[in-house]
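A.B. asks: Got target32.cif for you, mmCIF, C-alpha atoms and all ligand atoms:
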```
data_my_file
loop_
_atom_site.group_PDB
_atom_site.id
_atom_site.type_symbol
_atom_site.label_atom_id
_atom_site.label_comp_id
_atom_site.auth_asym_id
_atom_site.auth_seq_id
_atom_site.Cartn_x
_atom_site.Cartn_y
_atom_site.Cartn_z
ATOM 1 C CA MET H 225 0.000 0.000 0.000
ATOM 2 C CA PRO H 226 1.510 3.401 -0.958
ATOM 3 C CA VAL H 227 2.553 5.271 2.173
ATOM 4 C CA GLN H 228 0.273 8.171 1.205
ATOM 5 C CA ASN H 229 -2.748 6.060 2.201
ATOM 6 C CA GLN H 230 -1.456 6.031 5.766
ATOM 7 C CA PHE H 231 -1.507 9.795 6.002
ATOM 8 C CA SER H 232 -4.502 11.568 7.392
ATOM 9 C CA MET H 233 -3.799 14.806 9.199
ATOM 10 C CA SER H 234 -4.900 13.467 12.584
ATOM 11 C CA THR H 235 -2.554 10.476 12.557
ATOM 12 C CA ALA H 236 0.200 11.498 10.147
ATOM 13 C CA PRO H 237 2.803 8.752 10.634
ATOM 14 C CA HIS H 238 6.474 9.630 11.083
ATOM 15 C CA ILE H 239 8.419 8.276 8.149
ATOM 16 C CA VAL H 240 12.185 7.766 8.276
ATOM 17 C CA ILE H 241 13.929 7.169 4.965
ATOM 18 C CA LEU H 242 17.519 5.881 4.718
ATOM 19 C CA THR H 243 19.152 6.150 1.306
ATOM 20 C CA GLY H 244 22.394 4.675 -0.025
ATOM 21 C CA ALA H 245 24.396 4.770 -3.218
ATOM 22 C CA GLY H 246 21.667 2.901 -5.131
ATOM 23 C CA ILE H 247 19.324 5.920 -5.135
ATOM 24 C CA SER H 248 21.940 7.906 -7.070
ATOM 25 C CA ALA H 249 22.881 5.051 -9.447
ATOM 26 C CA GLU H 250 20.312 6.031 -12.134
ATOM 27 C CA SER H 251 21.706 9.562 -11.985
ATOM 28 C CA GLY H 252 25.054 8.164 -13.080
ATOM 29 C CA VAL H 253 26.842 8.181 -9.704
ATOM 30 C CA PRO H 254 28.658 4.809 -9.460
ATOM 31 C CA THR H 255 27.770 2.775 -6.372
ATOM 32 C CA PHE H 256 30.453 1.236 -4.183
ATOM 33 C CA ARG H 257 29.368 -2.255 -5.267
ATOM 34 C CA ASP H 258 29.699 -1.305 -8.954
ATOM 35 C CA ALA H 259 33.393 -0.864 -8.358
ATOM 36 C CA ASN H 260 33.409 -3.976 -6.139
ATOM 37 C CA GLY H 261 34.520 -1.592 -3.420
ATOM 38 C CA LEU H 262 37.539 -0.610 -5.529
ATOM 39 C CA TRP H 263 38.833 2.676 -6.860
ATOM 40 C CA GLU H 264 41.963 2.788 -9.021
ATOM 41 C CA ASN H 265 42.821 -0.633 -7.506
ATOM 42 C CA HIS H 266 42.555 0.699 -3.947
ATOM 43 C CA ARG H 267 39.916 -0.772 -1.642
ATOM 44 C CA ILE H 268 37.594 2.090 -0.747
ATOM 45 C CA GLU H 269 37.885 1.144 2.905
ATOM 46 C CA GLU H 270 41.642 1.788 2.520
ATOM 47 C CA VAL H 271 41.222 5.175 0.856
ATOM 48 C CA ALA H 272 38.310 6.456 2.947
ATOM 49 C CA THR H 273 40.134 6.400 6.304
ATOM 50 C CA LEU H 274 42.002 8.918 8.484
ATOM 51 C CA GLU H 275 45.082 6.662 8.324
ATOM 52 C CA ALA H 276 45.045 6.771 4.508
ATOM 53 C CA PHE H 277 44.796 10.570 4.710
ATOM 54 C CA GLY H 278 47.790 10.657 7.043
ATOM 55 C CA ARG H 279 49.725 8.244 4.796
ATOM 56 C CA ASN H 280 48.967 9.729 1.398
ATOM 57 C CA ARG H 281 47.016 13.000 1.359
ATOM 58 C CA ALA H 282 47.391 13.459 -2.388
ATOM 59 C CA LEU H 283 45.784 10.045 -3.088
ATOM 60 C CA VAL H 284 42.820 10.735 -0.784
ATOM 61 C CA HIS H 285 42.406 14.277 -2.118
ATOM 62 C CA ARG H 286 42.414 12.864 -5.667
ATOM 63 C CA PHE H 287 39.740 10.273 -4.720
ATOM 64 C CA TYR H 288 37.416 13.038 -3.493
ATOM 65 C CA ASN H 289 38.368 15.688 -6.044
ATOM 66 C CA LEU H 290 37.369 13.341 -8.890
ATOM 67 C CA ARG H 291 34.031 12.505 -7.218
ATOM 68 C CA ARG H 292 33.358 16.175 -6.389
ATOM 69 C CA ALA H 293 34.045 17.200 -10.000
ATOM 70 C CA ALA H 294 31.783 14.396 -11.284
ATOM 71 C CA LEU H 295 28.812 15.944 -9.419
ATOM 72 C CA ALA H 296 28.628 18.574 -12.178
ATOM 73 C CA THR H 297 27.831 15.809 -14.683
ATOM 74 C CA VAL H 298 24.873 14.197 -12.872
ATOM 75 C CA GLU H 299 21.279 15.205 -12.189
ATOM 76 C CA PRO H 300 18.739 14.104 -9.558
ATOM 77 C CA ASN H 301 16.395 11.320 -10.712
ATOM 78 C CA PRO H 302 12.645 10.724 -10.044
ATOM 79 C CA ALA H 303 13.454 8.971 -6.753
ATOM 80 C CA HIS H 304 15.154 12.086 -5.308
ATOM 81 C CA VAL H 305 12.291 14.280 -6.589
ATOM 82 C CA ALA H 306 9.572 12.022 -5.159
ATOM 83 C CA LEU H 307 11.146 12.005 -1.668
ATOM 84 C CA ALA H 308 11.463 15.803 -1.738
ATOM 85 C CA LYS H 309 7.770 16.059 -2.689
ATOM 86 C CA LEU H 310 6.800 13.805 0.216
ATOM 87 C CA GLN H 311 8.803 15.998 2.599
ATOM 88 C CA ARG H 312 7.059 19.123 1.312
ATOM 89 C CA GLU H 313 3.603 17.553 1.594
ATOM 90 C CA TYR H 314 4.133 16.363 5.159
ATOM 91 C CA PRO H 315 6.397 18.923 6.804
ATOM 92 C CA GLY H 316 8.039 17.623 9.967
ATOM 93 C CA ARG H 317 6.772 14.040 9.426
ATOM 94 C CA VAL H 318 9.411 12.786 6.968
ATOM 95 C CA THR H 319 13.055 12.458 8.091
ATOM 96 C CA LEU H 320 15.529 11.830 5.260
ATOM 97 C CA ILE H 321 18.840 10.264 6.268
ATOM 98 C CA THR H 322 21.407 9.611 3.549
ATOM 99 C CA GLN H 323 24.683 7.712 3.540
ATOM 100 C CA ASN H 324 25.501 9.447 0.267
ATOM 101 C CA VAL H 325 27.890 12.369 0.110
ATOM 102 C CA ASP H 326 26.482 13.788 -3.141
ATOM 103 C CA ASP H 327 24.032 16.730 -3.255
ATOM 104 C CA LEU H 328 21.338 15.048 -5.355
ATOM 105 C CA HIS H 329 18.689 15.026 -2.607
ATOM 106 C CA GLU H 330 19.089 18.799 -2.250
ATOM 107 C CA ARG H 331 19.076 19.316 -6.022
ATOM 108 C CA GLY H 332 15.965 17.109 -6.178
ATOM 109 C CA GLY H 333 14.232 19.606 -3.864
ATOM 110 C CA SER H 334 14.850 18.262 -0.347
ATOM 111 C CA ARG H 335 15.429 21.062 2.164
ATOM 112 C CA GLU H 336 16.357 18.978 5.198
ATOM 113 C CA VAL H 337 18.778 16.078 4.641
ATOM 114 C CA ILE H 338 20.800 14.313 7.346
ATOM 115 C CA HIS H 339 24.129 13.494 5.676
ATOM 116 C CA MET H 340 25.341 10.950 8.217
ATOM 117 C CA HIS H 341 28.534 10.287 6.217
ATOM 118 C CA GLY H 342 29.284 13.915 5.332
ATOM 119 C CA GLU H 343 29.177 15.907 2.101
ATOM 120 C CA LEU H 344 31.480 16.118 -0.925
ATOM 121 C CA LEU H 345 30.703 19.836 -1.335
ATOM 122 C CA LYS H 346 32.051 20.743 2.110
ATOM 123 C CA ALA H 347 35.578 20.832 3.546
ATOM 124 C CA ARG H 348 36.653 20.825 7.206
ATOM 125 C CA CYS H 349 39.744 22.042 9.014
ATOM 126 C CA ALA H 350 41.233 19.043 10.824
ATOM 127 C CA HIS H 351 42.756 21.486 13.337
ATOM 128 C CA CYS H 352 39.831 23.695 14.379
ATOM 129 C CA ASP H 353 36.858 21.789 12.851
ATOM 130 C CA ASP H 354 35.678 24.851 10.911
ATOM 131 C CA VAL H 355 33.429 23.633 8.029
ATOM 132 C CA ILE H 356 33.130 25.523 4.750
ATOM 133 C CA SER H 357 31.227 24.935 1.488
ATOM 134 C CA TRP H 358 33.786 23.798 -1.058
ATOM 135 C CA GLY H 359 33.117 22.870 -4.704
ATOM 136 C CA LEU H 360 36.651 22.910 -6.068
ATOM 137 C CA ASP H 361 39.667 20.636 -5.796
ATOM 138 C CA LEU H 362 41.019 20.237 -2.282
ATOM 139 C CA ASN H 363 44.783 20.070 -1.651
ATOM 140 C CA GLU H 364 47.261 20.573 1.141
ATOM 141 C CA THR H 365 48.011 24.218 0.250
ATOM 142 C CA LEU H 366 44.550 25.433 1.294
ATOM 143 C CA GLN H 367 44.534 27.776 4.323
ATOM 144 C CA CYS H 368 41.774 27.524 6.939
ATOM 145 C CA GLY H 369 39.826 30.800 7.044
ATOM 146 C CA ALA H 370 39.162 30.381 10.770
ATOM 147 C CA CYS H 371 42.470 29.357 12.373
ATOM 148 C CA ARG H 372 44.651 30.477 9.412
ATOM 149 C CA ARG H 373 46.577 27.193 9.403
ATOM 150 C CA THR H 374 47.605 25.709 6.057
ATOM 151 C CA GLY H 375 47.566 22.030 5.150
ATOM 152 C CA TRP H 376 44.819 20.988 7.565
ATOM 153 C CA MET H 377 41.800 21.150 5.239
ATOM 154 C CA ARG H 378 40.205 17.719 4.645
ATOM 155 C CA PRO H 379 37.032 16.509 2.943
ATOM 156 C CA HIS H 380 34.010 16.909 5.268
ATOM 157 C CA ILE H 381 33.439 13.169 4.985
ATOM 158 C CA VAL H 382 32.973 10.469 7.662
ATOM 159 C CA TRP H 383 35.673 7.894 6.976
ATOM 160 C CA PHE H 384 35.647 4.249 8.061
ATOM 161 C CA GLY H 385 36.454 4.149 11.760
ATOM 162 C CA GLU H 386 35.071 7.700 12.321
ATOM 163 C CA VAL H 387 31.817 8.529 14.111
ATOM 164 C CA PRO H 388 28.888 9.216 11.755
ATOM 165 C CA MET H 389 27.262 12.654 11.987
ATOM 166 C CA ARG H 390 24.024 13.609 13.821
ATOM 167 C CA MET H 391 23.732 10.162 15.407
ATOM 168 C CA GLU H 392 21.771 11.469 18.434
ATOM 169 C CA GLU H 393 19.170 12.980 16.118
ATOM 170 C CA ILE H 394 19.027 9.750 14.113
ATOM 171 C CA GLN H 395 18.624 7.652 17.239
ATOM 172 C CA SER H 396 15.740 9.781 18.495
ATOM 173 C CA VAL H 397 13.765 9.671 15.218
ATOM 174 C CA LEU H 398 14.300 5.899 14.971
ATOM 175 C CA ASN H 399 12.837 5.480 18.443
ATOM 176 C CA GLU H 400 9.500 6.971 17.314
ATOM 177 C CA VAL H 401 9.288 5.947 13.649
ATOM 178 C CA ASP H 402 6.049 4.539 12.146
ATOM 179 C CA ILE H 403 7.352 3.681 8.661
ATOM 180 C CA PHE H 404 11.048 2.961 7.925
ATOM 181 C CA ILE H 405 12.060 2.848 4.269
ATOM 182 C CA ALA H 406 15.581 1.901 3.067
ATOM 183 C CA VAL H 407 16.347 2.800 -0.549
ATOM 184 C CA GLY H 408 19.381 1.561 -2.509
ATOM 185 C CA THR H 409 21.667 0.448 0.281
ATOM 186 C CA SER H 410 23.457 -2.885 0.518
ATOM 187 C CA GLY H 411 23.386 -2.995 4.318
ATOM 188 C CA HIS H 412 27.131 -3.584 4.570
ATOM 189 C CA VAL H 413 28.084 -0.441 6.449
ATOM 190 C CA TYR H 414 27.279 0.131 10.109
ATOM 191 C CA PRO H 415 25.704 1.755 12.010
ATOM 192 C CA ALA H 416 23.335 2.538 9.074
ATOM 193 C CA ALA H 417 22.783 -1.176 8.379
ATOM 194 C CA GLY H 418 21.439 -1.601 11.904
ATOM 195 C CA PHE H 419 18.794 1.170 11.711
ATOM 196 C CA VAL H 420 16.094 -1.230 10.514
ATOM 197 C CA GLN H 421 16.431 -3.264 13.725
ATOM 198 C CA VAL H 422 15.910 -0.126 15.831
ATOM 199 C CA ALA H 423 12.875 0.771 13.715
ATOM 200 C CA LYS H 424 11.424 -2.732 14.110
ATOM 201 C CA PHE H 425 11.915 -2.480 17.864
ATOM 202 C CA ALA H 426 9.891 0.748 17.707
ATOM 203 C CA GLY H 427 7.101 -1.217 16.006
ATOM 204 C CA ALA H 428 7.541 0.409 12.590
ATOM 205 C CA ARG H 429 6.365 -0.859 9.209
ATOM 206 C CA THR H 430 9.624 -1.614 7.336
ATOM 207 C CA ILE H 431 10.048 -1.402 3.560
ATOM 208 C CA GLU H 432 13.197 -2.099 1.507
ATOM 209 C CA VAL H 433 13.546 -0.701 -2.019
ATOM 210 C CA ASN H 434 16.429 -2.377 -3.852
ATOM 211 C CA MET H 435 17.261 -4.200 -7.085
ATOM 212 C CA ASP H 436 18.786 -7.107 -5.171
ATOM 213 C CA VAL H 437 18.533 -9.032 -1.940
ATOM 214 C CA THR H 438 20.819 -7.313 0.565
ATOM 215 C CA ALA H 439 22.623 -8.152 3.793
ATOM 216 C CA MET H 440 19.674 -6.728 5.735
ATOM 217 C CA SER H 441 16.720 -7.877 3.581
ATOM 218 C CA ASP H 442 15.600 -10.461 6.138
ATOM 219 C CA ALA H 443 14.875 -7.678 8.624
ATOM 220 C CA PHE H 444 12.302 -5.961 6.378
ATOM 221 C CA GLN H 445 8.596 -6.841 6.237
ATOM 222 C CA GLU H 446 8.101 -5.527 2.692
ATOM 223 C CA HIS H 447 10.382 -5.517 -0.365
ATOM 224 C CA LEU H 448 9.951 -3.467 -3.507
ATOM 225 C CA VAL H 449 12.366 -5.100 -5.952
ATOM 226 C CA GLY H 450 13.387 -2.847 -8.798
ATOM 227 C CA LYS H 451 14.986 0.455 -9.638
ATOM 228 C CA ALA H 452 14.576 3.311 -7.175
ATOM 229 C CA GLY H 453 13.699 5.715 -10.020
ATOM 230 C CA LYS H 454 10.506 3.715 -10.597
ATOM 231 C CA LYS H 455 9.709 2.147 -7.221
ATOM 232 C CA VAL H 456 10.111 5.221 -5.001
ATOM 233 C CA PRO H 457 7.669 7.486 -6.884
ATOM 234 C CA ALA H 458 5.119 4.630 -6.916
ATOM 235 C CA LEU H 459 5.541 4.144 -3.180
ATOM 236 C CA VAL H 460 5.321 7.762 -2.054
ATOM 237 C CA GLU H 461 3.109 9.478 -4.612
HETATM 238 C C1 LIG H 501 31.562 3.694 13.004
HETATM 239 C C2 LIG H 501 31.774 8.223 3.165
HETATM 240 C C3 LIG H 501 31.597 3.801 15.388
HETATM 241 C C4 LIG H 501 33.028 7.853 2.448
HETATM 242 C C5 LIG H 501 31.186 6.050 4.000
HETATM 243 C C6 LIG H 501 36.687 -2.250 11.684
HETATM 244 C C7 LIG H 501 37.321 -1.048 11.987
HETATM 245 C C8 LIG H 501 36.626 0.163 12.074
HETATM 246 C C9 LIG H 501 35.259 0.177 11.861
HETATM 247 C C10 LIG H 501 34.646 -1.016 11.540
HETATM 248 C C11 LIG H 501 35.321 -2.224 11.458
HETATM 249 N N1 LIG H 501 34.425 -3.200 11.125
HETATM 250 C C12 LIG H 501 33.208 -2.638 10.995
HETATM 251 C C13 LIG H 501 33.322 -1.339 11.263
HETATM 252 C C14 LIG H 501 32.277 -0.357 11.231
HETATM 253 C C15 LIG H 501 32.388 0.331 9.871
HETATM 254 C C16 LIG H 501 31.793 -0.586 8.843
HETATM 255 O O1 LIG H 501 30.584 -0.760 8.837
HETATM 256 N N2 LIG H 501 32.640 -1.165 7.969
HETATM 257 C C17 LIG H 501 32.128 -2.055 6.930
HETATM 258 C C18 LIG H 501 33.052 -1.997 5.717
HETATM 259 C C19 LIG H 501 32.056 -3.455 7.521
HETATM 260 N N3 LIG H 501 31.664 1.559 10.003
HETATM 261 C C20 LIG H 501 32.313 2.673 10.333
HETATM 262 O O2 LIG H 501 33.508 2.782 10.447
HETATM 263 C C21 LIG H 501 31.383 3.853 10.601
HETATM 264 N N4 LIG H 501 31.730 4.407 11.875
HETATM 265 O O3 LIG H 501 31.176 2.542 13.034
HETATM 266 O O4 LIG H 501 31.903 4.437 14.127
HETATM 267 C C22 LIG H 501 30.321 4.363 15.883
HETATM 268 C C23 LIG H 501 29.106 3.809 15.449
HETATM 269 C C24 LIG H 501 27.923 4.349 15.952
HETATM 270 C C25 LIG H 501 27.954 5.409 16.845
HETATM 271 C C26 LIG H 501 29.163 5.935 17.253
HETATM 272 C C27 LIG H 501 30.358 5.424 16.769
HETATM 273 C C28 LIG H 501 31.575 4.919 9.567
HETATM 274 C C29 LIG H 501 31.210 4.358 8.199
HETATM 275 C C30 LIG H 501 31.188 5.490 7.192
HETATM 276 C C31 LIG H 501 32.140 5.202 6.050
HETATM 277 N N5 LIG H 501 31.948 6.222 5.026
HETATM 278 N N6 LIG H 501 30.931 7.052 3.135
HETATM 279 C C32 LIG H 501 32.837 8.009 0.973
HETATM 280 O O5 LIG H 501 31.673 8.003 0.488
HETATM 281 O O6 LIG H 501 33.869 8.106 0.310
HETATM 282 S S1 LIG H 501 30.409 4.567 3.769
HETATM 283 C C33 LIG H 501 30.156 4.419 2.089
HETATM 284 O O7 LIG H 501 30.019 3.063 1.811
HETATM 285 C C34 LIG H 501 28.879 5.018 1.669
HETATM 286 O O8 LIG H 501 28.591 6.226 2.318
HETATM 287 C C35 LIG H 501 27.878 3.948 1.965
HETATM 288 O O9 LIG H 501 27.388 4.076 3.258
HETATM 289 C C36 LIG H 501 28.690 2.726 1.908
HETATM 290 C C37 LIG H 501 28.303 1.971 0.679
HETATM 291 O O10 LIG H 501 27.044 1.463 1.022
HETATM 292 P P1 LIG H 501 25.777 1.669 0.096
HETATM 293 O O11 LIG H 501 25.352 3.079 0.132
HETATM 294 O O12 LIG H 501 24.816 0.661 0.529
HETATM 295 O O13 LIG H 501 26.292 1.398 -1.358
HETATM 296 P P2 LIG H 501 26.629 -0.007 -2.010
HETATM 297 O O14 LIG H 501 27.334 0.291 -3.283
HETATM 298 O O15 LIG H 501 27.258 -0.893 -0.991
HETATM 299 O O16 LIG H 501 25.185 -0.631 -2.328
HETATM 300 C C38 LIG H 501 24.359 -0.043 -3.297
HETATM 301 C C39 LIG H 501 23.013 -0.732 -3.194
HETATM 302 O O17 LIG H 501 22.109 -0.127 -4.111
HETATM 303 C C40 LIG H 501 23.065 -2.201 -3.557
HETATM 304 O O18 LIG H 501 22.274 -2.931 -2.634
HETATM 305 C C41 LIG H 501 22.429 -2.264 -4.958
HETATM 306 O O19 LIG H 501 21.733 -3.472 -5.162
HETATM 307 C C42 LIG H 501 21.469 -1.119 -4.896
HETATM 308 N N7 LIG H 501 21.160 -0.483 -6.176
HETATM 309 C C43 LIG H 501 22.014 -0.212 -7.200
HETATM 310 N N8 LIG H 501 21.336 0.454 -8.164
HETATM 311 C C44 LIG H 501 20.054 0.604 -7.726
HETATM 312 C C45 LIG H 501 19.935 0.009 -6.462
HETATM 313 N N9 LIG H 501 18.779 -0.016 -5.774
HETATM 314 C C46 LIG H 501 17.709 0.583 -6.341
HETATM 315 N N10 LIG H 501 17.734 1.188 -7.555
HETATM 316 C C47 LIG H 501 18.889 1.208 -8.260
HETATM 317 N N11 LIG H 501 18.899 1.800 -9.473
#
```
Could you take the file, read its structure, and then write that structure out as structure tokens?
Ligand code: BV8
C.D. replies:
Amino acid sequence: MPVQNQFSMSTAPHIVILTGAGISAESGVPTFRDANGLWENHRIEEVATLEAFGRNRALVHRFYNLRRAALATVEPNPAHVALAKLQREYPGRVTLITQNVDDLHERGGSREVIHMHGELLKARCAHCDDVISWGLDLNETLQCGACRRTGWMRPHIVWFGEVPMRMEEIQSVLNEVDIFIAVGTSGHVYPAAGFVQVAKFAGARTIEVNMDVTAMSDAFQEHLVGKAGKKVPALVE
């Protein structure tokens, strides 16, 4: 049953949506699985870590600079647009959490997005934590505008082994969710892969939208098998 049918102003359910790389796949953003978790023969888990950044800044900067530049070549797809429409229609009742670091949810019209793994279009000073919007190449010559130090600017990205962002907020919405929908995520990365269990504990209806069976499929009551660009609009419109 489309989630719209569950909305009536008196009992508007609280919907929590978790998206992963699969929602951006039809926009042309490669998923991590597409590359079998590899990039230029490096395992992504080896590039996307603080240790890798300490070992070889140029390599890590290149990894993110290429992905940041590629954002200019992609557009949001009907799945991003449909979720933004749902958020507009039910203000305050739809929490969108993404593991993705692209800006396609925002360009699809979403105003409030919880980027639990950070954002490609932001940079952070590793010395004073100042965060700036940043759409260009990052390198070690960049000076921090807040503490004036040079060589400390890093991608504003949560690497493996680092604490995801806004986890308290995420925890509190999961404790009171009525409908939990996961779109285009393989369920390999924690803590995101465990959110469905928290939602189930809260008594939520759980729906997985994916092209494949995933590592967390067994935890979901409902499965919409197919492409997000088709299945998400049908579910939420
Ligand atoms: C944490 C930013 C503690 C980077 C990312 C050993 C040492 C240290 C940590 C660990 C360890 N073992 C385990 C861990 C925990 C670790 C982890 O889970 N590792 C994995 C590899 C086992 N997690 C962490 O380190 C996290 N931090 O645990 O801190 C903590 C926890 C809680 C509270 C306090 C402290 C931090 C993890 C964040 C890593 N950063 N992103 C970057 O992007 O460069 S994760 C990165 O990979 C993505 O953000 C994404 O989350 C993940 C890839 O997952 P997916 O999004 O699911 O993408 P994937 O390609 O895998 O799947 C795509 C899916 O879409 C598929 O199912 C496919 O079928 C589907 N699909 C494809 N096309 C479509 C589609 N579906 C629908 N339509 C389509 N068209």
A.B. asks: So what does the PyMOL selection byres (((chain H and resi 406) around 10) and not hetatm) actually pick up in this one, as a VMD selection string?
C.D. replies: chain H and resid 240 to 244 247 321 to 322 404 to 405 407 to 411 416 to 417 419 to 420 430 to 434 440 to 441 444 447
A.B. asks: Name the residues within 12 Å of (16.0, 9.6, 16.7), counting all atoms listed in the file in the file's coordinates, and put them as an NGL selection string.
C.D. replies: :H and (238-240 or 319-321 or 338 or 390-401 or 419 or 422-423 or 426)
A.B. asks: May I have the centre and edge lengths, in Å to one decimal, of an axis-aligned box around the listed atoms of ligand LIG 501 (chain H) with 4 Å added to every side, as lines of an AutoDock Vina configuration file?
C.D. replies:
```
center_x = 27.5
center_y = 2.4
center_z = 3.9
size_x = 27.6
size_y = 19.7
size_z = 34.7
```
A.B. asks: Give me, as number ranges by chain, the set of residues whose atoms come within 6 Å of any atom of ligand LIG 501 (chain H), counting only C-alpha atoms and all ligand atoms.
C.D. replies: H: 244-247, 249-250, 255-257, 272, 323-325, 341, 381-388, 408-415, 434-436, 438, 451-452
A.B. asks: Within 9 Å of stretch 351-363 of chain H, counting all atoms listed in the file, which residues qualify if same-chain residues fewer than 2 places away don't, as a VMD selection string?
C.D. replies: chain H and resid 281 to 282 285 to 286 288 to 290 292 to 293 344 to 349 365 to 366 368 to 371 373 375 to 380
A.B. asks: Between atom CA of H:Gly252 and atom CA of H:Arg291, what is the distance in Å, rounded to a tenth?
C.D. replies: 11.6 Å
A.B. asks: Report, in Å to a single decimal, how far apart atom CA of H:Ala303 and atom CA of H:Val456 are.
C.D. replies: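 Computed distance, atom CA of H:Val456 to atom CA of H:Ala303, equals 5.3 Å.
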A.B. asks: Mind giving me the straight-line distance from atom CA of H:Arg279 to atom CA of H:Ala350 in Å, one decimal?
C.D. replies: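 These two atoms are separated by 15.0 Å.
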A.B. asks: Excluding H:His304 and residues on its chain fewer than 2 positions from it, collect all residues at most 7 Å away from it, counting only C-alpha atoms, and give them as a list in words.
C.D. replies: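 With the cut-off at 7 Å, the set is Pro300, Asn301, Pro302, Ala306, Leu307, Ala308, Leu328, His329 and Gly332 of chain H.
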A.B. asks: Compile the contact shell of H:Glu270 as a PyMOL selection string: residues with an atom at most 12 Å away, counting all atoms listed in the file, same-chain residues fewer than 3 positions apart removed.
C.D. replies: chain H and resi 261-267+273-280+283-284+287+383-385
A.B. asks: I'd like to know which of H:Ala236, H:Leu310, H:Ile268, H:Leu295 is closest to H:Pro457, using all atoms listed in the file.
C.D. replies: H:Leu310
A.B. asks: Keeping N, CA, C and O atoms, write stretch 310-322 of chain H of the structure just shown out as a CSV table (one decimal), in the first residue's frame.
C.D. replies:
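Full text of selection_17.csv as output:
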```csv
chain,number,residue,atom,x,y,z
H,310,LEU,N,7.4,14.4,-1.0
H,310,LEU,CA,6.8,13.8,0.2
H,310,LEU,C,7.1,14.7,1.4
H,310,LEU,O,6.3,15.0,2.3
H,311,GLN,N,8.4,15.1,1.5
H,311,GLN,CA,8.8,16.0,2.6
H,311,GLN,C,8.0,17.3,2.6
H,311,GLN,O,7.6,17.8,3.6
H,312,ARG,N,7.8,17.8,1.4
H,312,ARG,CA,7.1,19.1,1.3
H,312,ARG,C,5.6,18.9,1.7
H,312,ARG,O,5.0,19.8,2.4
H,313,GLU,N,5.0,17.8,1.3
H,313,GLU,CA,3.6,17.6,1.6
H,313,GLU,C,3.3,17.3,3.1
H,313,GLU,O,2.3,17.5,3.6
H,314,TYR,N,4.3,16.7,3.7
H,314,TYR,CA,4.1,16.4,5.2
H,314,TYR,C,5.3,16.9,6.0
H,314,TYR,O,6.1,16.2,6.5
H,315,PRO,N,5.3,18.3,6.1
H,315,PRO,CA,6.4,18.9,6.8
H,315,PRO,C,6.5,18.4,8.2
H,315,PRO,O,5.6,18.2,8.9
H,316,GLY,N,7.8,18.1,8.6
H,316,GLY,CA,8.0,17.6,10.0
H,316,GLY,C,7.7,16.2,10.2
H,316,GLY,O,8.0,15.6,11.3
H,317,ARG,N,7.2,15.5,9.2
H,317,ARG,CA,6.8,14.0,9.4
H,317,ARG,C,7.6,13.1,8.6
H,317,ARG,O,7.4,11.9,8.7
H,318,VAL,N,8.6,13.6,7.8
H,318,VAL,CA,9.4,12.8,7.0
H,318,VAL,C,10.9,13.1,7.2
H,318,VAL,O,11.3,14.2,6.9
H,319,THR,N,11.6,12.2,7.8
H,319,THR,CA,13.1,12.5,8.1
H,319,THR,C,13.9,11.7,7.1
H,319,THR,O,13.7,10.5,6.9
H,320,LEU,N,14.7,12.4,6.3
H,320,LEU,CA,15.5,11.8,5.3
H,320,LEU,C,17.0,11.7,5.7
H,320,LEU,O,17.6,12.8,6.0
H,321,ILE,N,17.4,10.5,5.9
H,321,ILE,CA,18.8,10.3,6.3
H,321,ILE,C,19.5,9.7,5.1
H,321,ILE,O,19.0,8.7,4.5
H,322,THR,N,20.7,10.2,4.7
H,322,THR,CA,21.4,9.6,3.5
H,322,THR,C,22.8,9.2,3.9
H,322,THR,O,23.4,9.9,4.7
```
